[in-house]
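Chemist: Got a structure for you, written out below as structure tokens; questions coming shortly.
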Amino acid sequence: MPRQQALDAITTANYAAKLAATAAIDATLPIDAAAILGTERTVPGREARPELVAPGKLGKRTMHTPEGRATLIHALAHIEMNAVDLALDILWRFPGMPDAFYRDWIRVAKEEAYHFSMLDAHLRGMGYAYGDFPAHHSLWEMAEKTRDDILARLALVPRTLEARGLDASPPIRDKLKQAGDHAAAAILDIILRDEIGHVAVGNRWYQHVCAERGLDPVAAYADMAERYRAPKLRGPFNIEARRAAGFSEAELAALLA
């Protein structure tokens with residue numbers, strides 16, 4: 001069943017094996033949405049490298065040296081590996097959603113794996129490998145905080161942390177272009193295109209759960225952001241991309257207030 005396949009994939013430590021297991025998830029099989037799954041294995045499975053440190057312990061990334069650009073590509077690859085785990089986690093962890101919910105996240109997981117593979121290949125072309133630099137664990141920390149509530153997970157991971165990528169991608173792409181790394185810039189164009197769709201999935205199912213619970217989406221978001229101590233969102237914002245990803249005009253107005 002796809003949800004069990006997602007659990008098997010997320011608990012796989014070896015990155016190549018995790019990507020292969022993600023690619024093998026079969027969205028045509030019955031979903032078994034009612035199943036309550038569990039595991040004794042570590043979630044998510046991870047290799048010993050990269051070393052995970054607090055965000056403040058990561059050095060500044062410069063565009064002016066090959067190593068500086070490699071640290072940036074490595075950081076982006078790490079975000080995408082986390083995104084693979086986040087999509088797998090929402091697949092297996094939360095029962096009782098419509099089958100379309102799980103099929104949406106299967107697609108997201110496979111696309112995140114593709115993003116990681118592109119960045120990993122580019123990093124190897126620069127003479128480095130994933131794991132060569134330290135990385136932070138902030139994305140997964142929010143996943144841990146929201147592990148018991150699907151509404152909080154949807155609100156604060158795809159619609160908050162991952163949506164920040166919509167804002168951050170264009171300036172990073174432009175810096176890479178200016179540094180002459182047009183291949184990396186082209187990869188970021190693909191990622192931005194796909195991430196608009198991923199955030200749209202988060203928005204669509206957030207709205208669905210809000211409607212089921214009789215909640216106002218804007219007020220519910222403000223409550224959860226405070227309750228779970230989500231990072232404060234600061235501009236500049238990519239309003240065009242956020243609108244394309246399904247944020248309502250009321251949500252965009254609250255963001256800019």
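We label chains A, B, ... in the order they appear in the structure tokens, count residues from 1 in each chain, and number ligands from 1 in the order shown.
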Against range 79-99 of chain A, which residues of range 142-188 of chain A fall within 9 Å? For each one I want the closest pair of atoms and the distance in Å (one decimal), counting only C-alpha atoms, rows by chain and increasing residue number, as a tab-separated table.

Modeler:
residue	atom	partner	partner_atom	distance
A:Ala143	CA	A:Leu86	CA	7.3
A:Arg147	CA	A:Arg93	CA	7.7
A:Asp148	CA	A:Phe94	CA	8.4
A:Asp149	CA	A:Phe94	CA	8.2
A:Ile150	CA	A:Phe94	CA	6.6
A:Arg153	CA	A:Ile90	CA	8.1
A:Leu154	CA	A:Ile90	CA	8.9
A:Val157	CA	A:Leu86	CA	8.3
A:Pro158	CA	A:Leu86	CA	8.9
A:Glu162	CA	A:Ala83	CA	8.2

Chemist: Could you save those same residues with all heavy atoms as a PDB file, in the first residue's frame?

Modeler:
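Generated file (again_1.pdb):
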ATOM      1  N   ALA A 143       8.140  19.810  11.764  1.00  0.00           N
ATOM      2  CA  ALA A 143       7.402  18.575  11.529  1.00  0.00           C
ATOM      3  C   ALA A 143       7.172  17.829  12.841  1.00  0.00           C
ATOM      4  O   ALA A 143       6.098  17.269  13.070  1.00  0.00           O
ATOM      5  CB  ALA A 143       8.147  17.695  10.535  1.00  0.00           C
ATOM      6  N   ARG A 147       3.293  16.922  14.650  1.00  0.00           N
ATOM      7  CA  ARG A 147       3.096  15.515  14.318  1.00  0.00           C
ATOM      8  C   ARG A 147       1.727  14.992  14.741  1.00  0.00           C
ATOM      9  O   ARG A 147       1.296  13.932  14.261  1.00  0.00           O
ATOM     10  CB  ARG A 147       4.196  14.668  14.961  1.00  0.00           C
ATOM     11  CG  ARG A 147       4.206  14.707  16.479  1.00  0.00           C
ATOM     12  CD  ARG A 147       5.434  14.021  17.055  1.00  0.00           C
ATOM     13  NE  ARG A 147       5.463  12.622  16.692  1.00  0.00           N
ATOM     14  CZ  ARG A 147       6.546  11.849  16.783  1.00  0.00           C
ATOM     15  NH1 ARG A 147       7.702  12.365  17.186  1.00  0.00           N
ATOM     16  NH2 ARG A 147       6.493  10.587  16.455  1.00  0.00           N
ATOM     17  N   ASP A 148       1.018  15.700  15.623  1.00  0.00           N
ATOM     18  CA  ASP A 148      -0.263  15.199  16.134  1.00  0.00           C
ATOM     19  C   ASP A 148      -1.476  15.907  15.553  1.00  0.00           C
ATOM     20  O   ASP A 148      -2.607  15.628  15.968  1.00  0.00           O
ATOM     21  CB  ASP A 148      -0.300  15.330  17.665  1.00  0.00           C
ATOM     22  CG  ASP A 148       0.741  14.448  18.344  1.00  0.00           C
ATOM     23  OD1 ASP A 148       0.955  13.315  17.870  1.00  0.00           O
ATOM     24  OD2 ASP A 148       1.357  14.906  19.329  1.00  0.00           O
ATOM     25  N   ASP A 149      -1.278  16.840  14.618  1.00  0.00           N
ATOM     26  CA  ASP A 149      -2.419  17.597  14.088  1.00  0.00           C
ATOM     27  C   ASP A 149      -2.188  17.900  12.614  1.00  0.00           C
ATOM     28  O   ASP A 149      -1.302  18.688  12.271  1.00  0.00           O
ATOM     29  CB  ASP A 149      -2.611  18.892  14.882  1.00  0.00           C
ATOM     30  CG  ASP A 149      -3.855  19.662  14.468  1.00  0.00           C
ATOM     31  OD1 ASP A 149      -4.579  19.217  13.550  1.00  0.00           O
ATOM     32  OD2 ASP A 149      -4.105  20.733  15.061  1.00  0.00           O
ATOM     33  N   ILE A 150      -3.006  17.309  11.762  1.00  0.00           N
ATOM     34  CA  ILE A 150      -2.850  17.513  10.323  1.00  0.00           C
ATOM     35  C   ILE A 150      -3.044  18.974   9.942  1.00  0.00           C
ATOM     36  O   ILE A 150      -2.370  19.481   9.039  1.00  0.00           O
ATOM     37  CB  ILE A 150      -3.822  16.603   9.535  1.00  0.00           C
ATOM     38  CG1 ILE A 150      -3.620  16.736   8.022  1.00  0.00           C
ATOM     39  CG2 ILE A 150      -5.263  16.889   9.903  1.00  0.00           C
ATOM     40  CD1 ILE A 150      -2.271  16.372   7.520  1.00  0.00           C
ATOM     41  N   ARG A 153       0.139  20.808  10.740  1.00  0.00           N
ATOM     42  CA  ARG A 153       1.192  20.412   9.791  1.00  0.00           C
ATOM     43  C   ARG A 153       1.014  21.152   8.469  1.00  0.00           C
ATOM     44  O   ARG A 153       1.979  21.708   7.922  1.00  0.00           O
ATOM     45  CB  ARG A 153       1.148  18.894   9.574  1.00  0.00           C
ATOM     46  CG  ARG A 153       2.062  18.390   8.458  1.00  0.00           C
ATOM     47  CD  ARG A 153       3.546  18.596   8.779  1.00  0.00           C
ATOM     48  NE  ARG A 153       3.950  17.820   9.917  1.00  0.00           N
ATOM     49  CZ  ARG A 153       4.375  16.566   9.873  1.00  0.00           C
ATOM     50  NH1 ARG A 153       4.453  15.929   8.710  1.00  0.00           N
ATOM     51  NH2 ARG A 153       4.744  15.935  10.977  1.00  0.00           N
ATOM     52  N   LEU A 154      -0.212  21.164   7.945  1.00  0.00           N
ATOM     53  CA  LEU A 154      -0.463  21.831   6.669  1.00  0.00           C
ATOM     54  C   LEU A 154      -0.220  23.331   6.779  1.00  0.00           C
ATOM     55  O   LEU A 154       0.338  23.952   5.868  1.00  0.00           O
ATOM     56  CB  LEU A 154      -1.894  21.554   6.213  1.00  0.00           C
ATOM     57  CG  LEU A 154      -2.187  20.121   5.765  1.00  0.00           C
ATOM     58  CD1 LEU A 154      -3.691  19.894   5.676  1.00  0.00           C
ATOM     59  CD2 LEU A 154      -1.517  19.815   4.430  1.00  0.00           C
ATOM     60  N   VAL A 157       4.035  23.833   7.757  1.00  0.00           N
ATOM     61  CA  VAL A 157       5.138  23.291   6.946  1.00  0.00           C
ATOM     62  C   VAL A 157       4.979  23.714   5.484  1.00  0.00           C
ATOM     63  O   VAL A 157       5.675  24.627   5.037  1.00  0.00           O
ATOM     64  CB  VAL A 157       5.307  21.782   7.141  1.00  0.00           C
ATOM     65  CG1 VAL A 157       6.398  21.246   6.221  1.00  0.00           C
ATOM     66  CG2 VAL A 157       5.700  21.486   8.601  1.00  0.00           C
ATOM     67  N   PRO A 158       4.052  23.145   4.706  1.00  0.00           N
ATOM     68  CA  PRO A 158       3.991  23.607   3.305  1.00  0.00           C
ATOM     69  C   PRO A 158       3.610  25.069   3.144  1.00  0.00           C
ATOM     70  O   PRO A 158       4.146  25.768   2.282  1.00  0.00           O
ATOM     71  CB  PRO A 158       2.931  22.676   2.678  1.00  0.00           C
ATOM     72  CG  PRO A 158       2.171  22.101   3.812  1.00  0.00           C
ATOM     73  CD  PRO A 158       3.117  22.038   4.971  1.00  0.00           C
ATOM     74  N   GLU A 162       7.868  25.922   3.676  1.00  0.00           N
ATOM     75  CA  GLU A 162       8.135  25.648   2.271  1.00  0.00           C
ATOM     76  C   GLU A 162       7.726  26.821   1.382  1.00  0.00           C
ATOM     77  O   GLU A 162       8.360  27.073   0.348  1.00  0.00           O
ATOM     78  CB  GLU A 162       7.442  24.360   1.851  1.00  0.00           C
ATOM     79  CG  GLU A 162       8.033  23.141   2.554  1.00  0.00           C
ATOM     80  CD  GLU A 162       7.496  21.825   2.037  1.00  0.00           C
ATOM     81  OE1 GLU A 162       7.951  21.402   0.958  1.00  0.00           O
ATOM     82  OE2 GLU A 162       6.646  21.228   2.711  1.00  0.00           O
TER      83      GLU A 162
END

Chemist: Within 8 Å of range 178-185 of chain A, which residues of range 11-97 of chain A show up? Give each one with its shortest atom-to-atom distance in Å (one decimal) and the two atoms involved, counting only C-alpha atoms, rows by chain then rising residue number, as a tab-separated table.

Modeler:
residue	atom	partner	partner_atom	distance
A:Met63	CA	A:Ala179	CA	6.2
A:His64	CA	A:Ala179	CA	7.0
A:Ile73	CA	A:Ala184	CA	7.9

Chemist: List the neighbours of Leu252 in chain A out to 9 Å using only C-alpha atoms; skip same-chain residues closer than 5 positions along the sequence, and give me the result as a ChimeraX atom specification.

Modeler: /A:239,242-243,247,257

Chemist: Could you name the residues that touch range 215-230 of chain A at 8 Å or less, counting only C-alpha atoms, but leaving out those on the same chain fewer than 5 positions away, as number ranges by chain?

Modeler: A: 142, 145-146, 152, 155-156, 206-207, 210, 250-251, 254

Chemist: Got time to write the residues from that selection, N, CA, C and O atoms, as an mmCIF file, in the first residue's frame?

Modeler:
data_model
loop_
_atom_site.group_PDB
_atom_site.id
_atom_site.type_symbol
_atom_site.label_atom_id
_atom_site.label_comp_id
_atom_site.auth_asym_id
_atom_site.auth_seq_id
_atom_site.Cartn_x
_atom_site.Cartn_y
_atom_site.Cartn_z
ATOM 1 N N MET A 142 9.901 21.606 12.885
ATOM 2 C CA MET A 142 8.491 21.977 12.818
ATOM 3 C C MET A 142 7.623 20.757 12.527
ATOM 4 O O MET A 142 6.489 20.650 13.010
ATOM 5 N N LYS A 145 6.978 19.189 15.831
ATOM 6 C CA LYS A 145 6.008 19.949 16.625
ATOM 7 C C LYS A 145 4.575 19.670 16.179
ATOM 8 O O LYS A 145 3.649 19.704 16.988
ATOM 9 N N THR A 146 4.375 19.426 14.889
ATOM 10 C CA THR A 146 3.020 19.303 14.335
ATOM 11 C C THR A 146 2.643 17.863 14.029
ATOM 12 O O THR A 146 1.714 17.616 13.265
ATOM 13 N N ALA A 152 -2.318 21.708 11.728
ATOM 14 C CA ALA A 152 -1.098 22.435 12.074
ATOM 15 C C ALA A 152 0.031 22.091 11.114
ATOM 16 O O ALA A 152 0.797 22.961 10.694
ATOM 17 N N ALA A 155 -0.624 23.911 7.881
ATOM 18 C CA ALA A 155 -0.482 25.356 8.050
ATOM 19 C C ALA A 155 0.973 25.780 8.132
ATOM 20 O O ALA A 155 1.374 26.790 7.533
ATOM 21 N N LEU A 156 1.787 25.015 8.861
ATOM 22 C CA LEU A 156 3.094 25.515 9.268
ATOM 23 C C LEU A 156 4.272 24.892 8.533
ATOM 24 O O LEU A 156 5.391 25.376 8.666
ATOM 25 N N TYR A 206 -5.287 22.406 3.404
ATOM 26 C CA TYR A 206 -5.509 23.253 4.580
ATOM 27 C C TYR A 206 -6.923 23.823 4.549
ATOM 28 O O TYR A 206 -7.648 23.783 5.553
ATOM 29 N N GLN A 207 -7.327 24.330 3.400
ATOM 30 C CA GLN A 207 -8.688 24.857 3.261
ATOM 31 C C GLN A 207 -9.721 23.755 3.511
ATOM 32 O O GLN A 207 -10.760 23.991 4.138
ATOM 33 N N CYS A 210 -9.854 23.083 7.294
ATOM 34 C CA CYS A 210 -10.513 24.225 7.942
ATOM 35 C C CYS A 210 -12.030 24.142 7.737
ATOM 36 O O CYS A 210 -12.808 24.366 8.680
ATOM 37 N N ALA A 250 -7.246 37.531 1.228
ATOM 38 C CA ALA A 250 -7.284 37.836 2.657
ATOM 39 C C ALA A 250 -5.989 37.377 3.338
ATOM 40 O O ALA A 250 -5.460 38.068 4.204
ATOM 41 N N GLU A 251 -5.483 36.224 2.934
ATOM 42 C CA GLU A 251 -4.230 35.728 3.508
ATOM 43 C C GLU A 251 -3.047 36.599 3.095
ATOM 44 O O GLU A 251 -2.158 36.895 3.916
ATOM 45 N N ALA A 254 -3.146 39.751 5.131
ATOM 46 C CA ALA A 254 -2.666 39.518 6.490
ATOM 47 C C ALA A 254 -1.151 39.400 6.515
ATOM 48 O O ALA A 254 -0.482 39.852 7.454
#

Chemist: Name all residues at most 8 Å from Met118 in chain A (count only C-alpha atoms; drop same-chain ones fewer than 4 positions away) and give them as a short mmCIF file (atom, residue, chain, number, x, y, z; two decimals) with N, CA and C atoms, in the first residue's frame.

Modeler:
data_model
loop_
_atom_site.label_atom_id
_atom_site.label_comp_id
_atom_site.auth_asym_id
_atom_site.auth_seq_id
_atom_site.Cartn_x
_atom_site.Cartn_y
_atom_site.Cartn_z
N TYR A 114 13.25 14.37 -7.23
CA TYR A 114 13.85 14.81 -8.49
C TYR A 114 14.66 16.09 -8.27
N HIS A 122 24.55 18.31 -9.67
CA HIS A 122 25.28 19.55 -9.91
C HIS A 122 26.40 19.72 -8.89
N ILE A 187 18.18 25.04 -12.67
CA ILE A 187 17.59 24.08 -11.73
C ILE A 187 16.62 24.80 -10.80
#

Chemist: Could you list, as a PyMOL selection string, every residue within 9 Å of Pro30 in chain A, counting only C-alpha atoms and ignoring same-chain residues fewer than 3 positions away?

Modeler: chain A and resi 1-2+27+33+99

Chemist: Env of range 39-55 of chain A: 7 Å cut, atoms = only C-alpha atoms, seq-sep filter 5 positions within chain, self excluded. Answer as an NGL selection string.

Modeler: :A and (10-14 or 85 or 131-137)

Chemist: Mind giving me the straight-line distance from CA of His208 in chain A to CA of Phe116 in chain A in Å, one decimal?

Modeler: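 So the answer is 29.2 Å.
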
Chemist: Determine which residues of range 12-199 of chain A receive a DSSP assignment of alpha helix (DSSP H), computed from the backbone, and state them as a VMD selection string.

Modeler: chain A and resid 15 to 23 66 to 93 99 to 125 138 to 145 150 to 156 164 to 178 182 to 199

Chemist: Quick one: pull the distance between CA of Leu256 in chain A and CA of Leu161 in chain A, Å, one decimal.

Modeler: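 That distance, rounded to one decimal, is 16.7 Å.
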